[in-house]
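Data first, discussion second: the structure below is written as structure tokens.
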Amino acid sequence: MTEILSVLQKAGLSNNEAKIYLALLDLGLTSSKALIEKTGLHRQIAYDCLSLLIKKGLVSYVVQANRKHFKASNPKEFLEYFNKKELETEQQKHEFMKILPELSKRKTESSENQETTIYSGNKGIKSLLDDMLNQKQEILTIGASEISAEAFQYNLEFNLPKFHKFREKSKIRYKILLSEEINERAKELNKLKHTEVRILPKEFASNSSINIYGDKVSLIMWGSQPFGILIKSKEIAESQKKHFNLLWAIGKKV
């Protein structure tokens, strides 16, 4: 019985519809009262199921003494029911294909909305830096100072050599603006492949760094408990790129 109910449900009937149909097969032509007694369903639920089964062509009725008596259609009618469902599915698919371009357009537009994610702790910052590398697009960095450089250099979760080794292997271009307080380190960094460094006055020194890549901008606050904010926004990324280019133009070559 359980297996039969399961198959009927997979065929498109609800659990209660399947119970009604099976009860009608057992009872033959019968009144709603007898059907309700056999199934134990609430009167309104039974009538709702009967109405749906009639629409599906799986139940019919006759009127005797001004009362409806119901009977199950031949189980072979399920084959016709399946054929009808296939036709409906094809029609639905055809109608859906008409609106698919508009839905895709809306999805594209909504995907351009700003998304913001916060990362905290060493593992969080590592995830953020991994995202920078995984994008495999040019990275523009502003404001790295002695504080951030030290943190980046020696933290075992995301040390500088590993970051640049992967970046060089992936041929990811890297342009970075450093404050003049770490001019010597800037010279070392400038020797790396696919890398350009320029120096800004010491007034630009900060314990944070801004990284721009693709349609993303990340702000990393370095320290004993680093955290980062990642913004995905084409508009913001383009604005930050313009800001970077202005600073790049006034920066001194290493």
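Identifiers in the structure tokens: chain A, B, ... in order shown; residue index from 1 per chain; ligand index from 1 in order shown.
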Using only C-alpha atoms, find each residue of segment 158-207 of chain A with at least one atom at most 12 Å away from an atom of segment 110-133 of chain A; report its shortest atom-to-atom pair and that distance in Å (one decimal), sort the rows by chain and rising residue number, and return the result as a Markdown table.
| residue | atom | partner | partner_atom | distance |
| --- | --- | --- | --- | --- |
| A:Phe158 | CA | A:Lys126 | CA | 5.7 |
| A:Asn159 | CA | A:Lys126 | CA | 9.4 |
| A:Leu160 | CA | A:Leu129 | CA | 10.6 |
| A:Lys162 | CA | A:Asp130 | CA | 10.8 |
| A:Phe163 | CA | A:Leu133 | CA | 8.0 |
| A:His164 | CA | A:Leu133 | CA | 9.4 |
| A:Lys165 | CA | A:Leu133 | CA | 10.7 |
| A:Phe166 | CA | A:Leu133 | CA | 7.6 |
| A:Arg167 | CA | A:Leu133 | CA | 6.5 |
| A:Glu168 | CA | A:Leu133 | CA | 10.2 |
| A:Lys169 | CA | A:Leu133 | CA | 10.6 |
| A:Ser170 | CA | A:Leu133 | CA | 8.3 |
| A:Lys171 | CA | A:Leu133 | CA | 10.2 |
| A:Ile172 | CA | A:Leu133 | CA | 7.8 |
| A:Arg173 | CA | A:Leu133 | CA | 10.5 |
| A:Tyr174 | CA | A:Leu133 | CA | 10.6 |
Within 12 Å of Asn15 of chain A, counting only C-alpha atoms, which residues qualify if same-chain residues fewer than 4 places away don't, as number ranges by chain? A: 2-11, 19-22, 39, 41, 45-46, 49
Write the selection just made, keeping N, CA and C atoms, as a PDB file, in the first residue's frame?
ATOM      1  N   THR A   2       1.894   1.249   0.853  1.00  0.00           N
ATOM      2  CA  THR A   2       2.792   2.402   0.940  1.00  0.00           C
ATOM      3  C   THR A   2       3.495   2.652  -0.381  1.00  0.00           C
ATOM      4  N   GLU A   3       3.910   1.544  -1.041  1.00  0.00           N
ATOM      5  CA  GLU A   3       4.599   1.675  -2.324  1.00  0.00           C
ATOM      6  C   GLU A   3       3.672   2.251  -3.383  1.00  0.00           C
ATOM      7  N   ILE A   4       2.407   1.801  -3.375  1.00  0.00           N
ATOM      8  CA  ILE A   4       1.434   2.297  -4.347  1.00  0.00           C
ATOM      9  C   ILE A   4       1.194   3.791  -4.143  1.00  0.00           C
ATOM     10  N   LEU A   5       1.046   4.197  -2.881  1.00  0.00           N
ATOM     11  CA  LEU A   5       0.849   5.614  -2.572  1.00  0.00           C
ATOM     12  C   LEU A   5       2.040   6.444  -3.059  1.00  0.00           C
ATOM     13  N   SER A   6       3.233   5.906  -2.842  1.00  0.00           N
ATOM     14  CA  SER A   6       4.446   6.608  -3.241  1.00  0.00           C
ATOM     15  C   SER A   6       4.503   6.806  -4.749  1.00  0.00           C
ATOM     16  N   VAL A   7       4.172   5.760  -5.504  1.00  0.00           N
ATOM     17  CA  VAL A   7       4.206   5.841  -6.977  1.00  0.00           C
ATOM     18  C   VAL A   7       3.156   6.824  -7.473  1.00  0.00           C
ATOM     19  N   LEU A   8       1.958   6.790  -6.872  1.00  0.00           N
ATOM     20  CA  LEU A   8       0.904   7.723  -7.288  1.00  0.00           C
ATOM     21  C   LEU A   8       1.296   9.169  -7.007  1.00  0.00           C
ATOM     22  N   GLN A   9       2.000   9.379  -5.906  1.00  0.00           N
ATOM     23  CA  GLN A   9       2.459  10.730  -5.582  1.00  0.00           C
ATOM     24  C   GLN A   9       3.520  11.192  -6.583  1.00  0.00           C
ATOM     25  N   LYS A  10       4.412  10.272  -6.960  1.00  0.00           N
ATOM     26  CA  LYS A  10       5.419  10.619  -7.960  1.00  0.00           C
ATOM     27  C   LYS A  10       4.770  10.905  -9.311  1.00  0.00           C
ATOM     28  N   ALA A  11       3.596  10.290  -9.529  1.00  0.00           N
ATOM     29  CA  ALA A  11       2.876  10.505 -10.784  1.00  0.00           C
ATOM     30  C   ALA A  11       2.183  11.853 -10.819  1.00  0.00           C
ATOM     31  N   LYS A  19      -5.049   8.705  -1.757  1.00  0.00           N
ATOM     32  CA  LYS A  19      -5.918   7.954  -0.841  1.00  0.00           C
ATOM     33  C   LYS A  19      -7.347   7.900  -1.374  1.00  0.00           C
ATOM     34  N   ILE A  20      -7.838   9.037  -1.864  1.00  0.00           N
ATOM     35  CA  ILE A  20      -9.187   9.099  -2.427  1.00  0.00           C
ATOM     36  C   ILE A  20      -9.311   8.177  -3.634  1.00  0.00           C
ATOM     37  N   TYR A  21      -8.329   8.225  -4.526  1.00  0.00           N
ATOM     38  CA  TYR A  21      -8.375   7.413  -5.747  1.00  0.00           C
ATOM     39  C   TYR A  21      -8.379   5.920  -5.412  1.00  0.00           C
ATOM     40  N   LEU A  22      -7.499   5.521  -4.513  1.00  0.00           N
ATOM     41  CA  LEU A  22      -7.436   4.097  -4.128  1.00  0.00           C
ATOM     42  C   LEU A  22      -8.717   3.655  -3.440  1.00  0.00           C
ATOM     43  N   THR A  39     -11.732   6.795   4.128  1.00  0.00           N
ATOM     44  CA  THR A  39     -10.418   7.461   4.127  1.00  0.00           C
ATOM     45  C   THR A  39     -10.105   8.164   5.442  1.00  0.00           C
ATOM     46  N   LEU A  41     -10.701  11.206   5.979  1.00  0.00           N
ATOM     47  CA  LEU A  41     -10.340  12.601   5.677  1.00  0.00           C
ATOM     48  C   LEU A  41     -11.468  13.552   6.065  1.00  0.00           C
ATOM     49  N   ILE A  45     -11.671  18.524   2.820  1.00  0.00           N
ATOM     50  CA  ILE A  45     -10.460  18.031   2.156  1.00  0.00           C
ATOM     51  C   ILE A  45     -10.832  16.987   1.110  1.00  0.00           C
ATOM     52  N   ALA A  46     -11.755  16.108   1.470  1.00  0.00           N
ATOM     53  CA  ALA A  46     -12.195  15.065   0.538  1.00  0.00           C
ATOM     54  C   ALA A  46     -12.825  15.680  -0.710  1.00  0.00           C
ATOM     55  N   CYS A  49     -10.158  17.285  -2.944  1.00  0.00           N
ATOM     56  CA  CYS A  49      -9.399  16.265  -3.672  1.00  0.00           C
ATOM     57  C   CYS A  49     -10.221  15.689  -4.818  1.00  0.00           C
TER      58      CYS A  49
END
Residue among A:Ile36, A:Val197, A:Ile229, A:Leu247 lying closest to Asn183 of chain A, counting only C-alpha atoms: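 Of A:Ile36, A:Val197, A:Ile229, A:Leu247, the one nearest Asn183 of chain A, counting only C-alpha atoms, is A:Val197.
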Would you mind listing what lies within 8 Å of Ala72 of chain A as a list in words, with only C-alpha atoms counted and same-chain residues fewer than 2 positions away left out?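 Counting only the stated atoms, we get Tyr21, Leu24, Leu25, Gly28, Leu29, Leu58, Val59, Ser60, Phe70, Asn74 and Pro75 of chain A.
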Counting only C-alpha atoms, figure out which residue out of A:Gly12, A:Pro201, A:Pro161, A:Pro101 gets nearest to Leu52 of chain A.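 Counting only C-alpha atoms, the residue closest to Leu52 of chain A is A:Gly12.
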With only C-alpha atoms as the atoms that count, which of A:Asn83, A:Trp222, A:Ile54, A:Arg43 lies nearest to Ser209 of chain A?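 So, comparing all the options, the nearest one is A:Trp222.
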Pick out each residue of segment 62-210 of chain A that DSSP on the backbone tags as alpha helix (DSSP H); I need them as JSON, numbers by chain. {"A": [77, 78, 79, 80, 81, 82, 83, 84, 85, 86, 87, 88, 89, 90, 91, 92, 93, 94, 95, 96, 97, 98, 99, 100, 101, 102, 103, 104, 105, 106, 107, 108, 109, 110, 111, 121, 122, 123, 124, 125, 126, 127, 128, 129, 130, 131, 132, 133, 134, 146, 147, 148, 149, 150, 151, 152, 153, 154, 160, 161, 162, 163, 164, 165, 166, 167, 168, 169, 183, 184, 185, 186, 187, 188, 189, 190]}
Hey, can you check how far atom CA of Glu95 of chain A sits from atom CA of Glu77 of chain A? 27.0 Å
If we count only C-alpha atoms, what is near Lys187 of chain A at a cut-off of 10 Å, once residues fewer than 5 positions away on the same chain are taken out, given as a PDB file with C-alpha atoms, in the first residue's frame?
ATOM      1  CA  ILE A 182      59.441  51.861   3.123  1.00  0.00           C
ATOM      2  CA  LEU A 192      59.384  41.019  -9.081  1.00  0.00           C
ATOM      3  CA  GLU A 196      55.289  48.117 -10.818  1.00  0.00           C
ATOM      4  CA  VAL A 197      55.861  50.226  -7.706  1.00  0.00           C
ATOM      5  CA  ARG A 198      55.603  53.956  -7.136  1.00  0.00           C
ATOM      6  CA  ILE A 199      56.257  55.996  -4.029  1.00  0.00           C
ATOM      7  CA  LYS A 253      59.126  55.756  -9.811  1.00  0.00           C
ATOM      8  CA  VAL A 254      61.341  53.406  -7.827  1.00  0.00           C
TER       9      VAL A 254
END
Any chance you could list, as an NGL selection string, the residues in segment 45-250 of chain A that come up strand (DSSP E) when DSSP is run on the backbone? :A and (59-64 or 67-72 or 115-120 or 139-144 or 174-179 or 195-200 or 208-213 or 216-221 or 227-232)
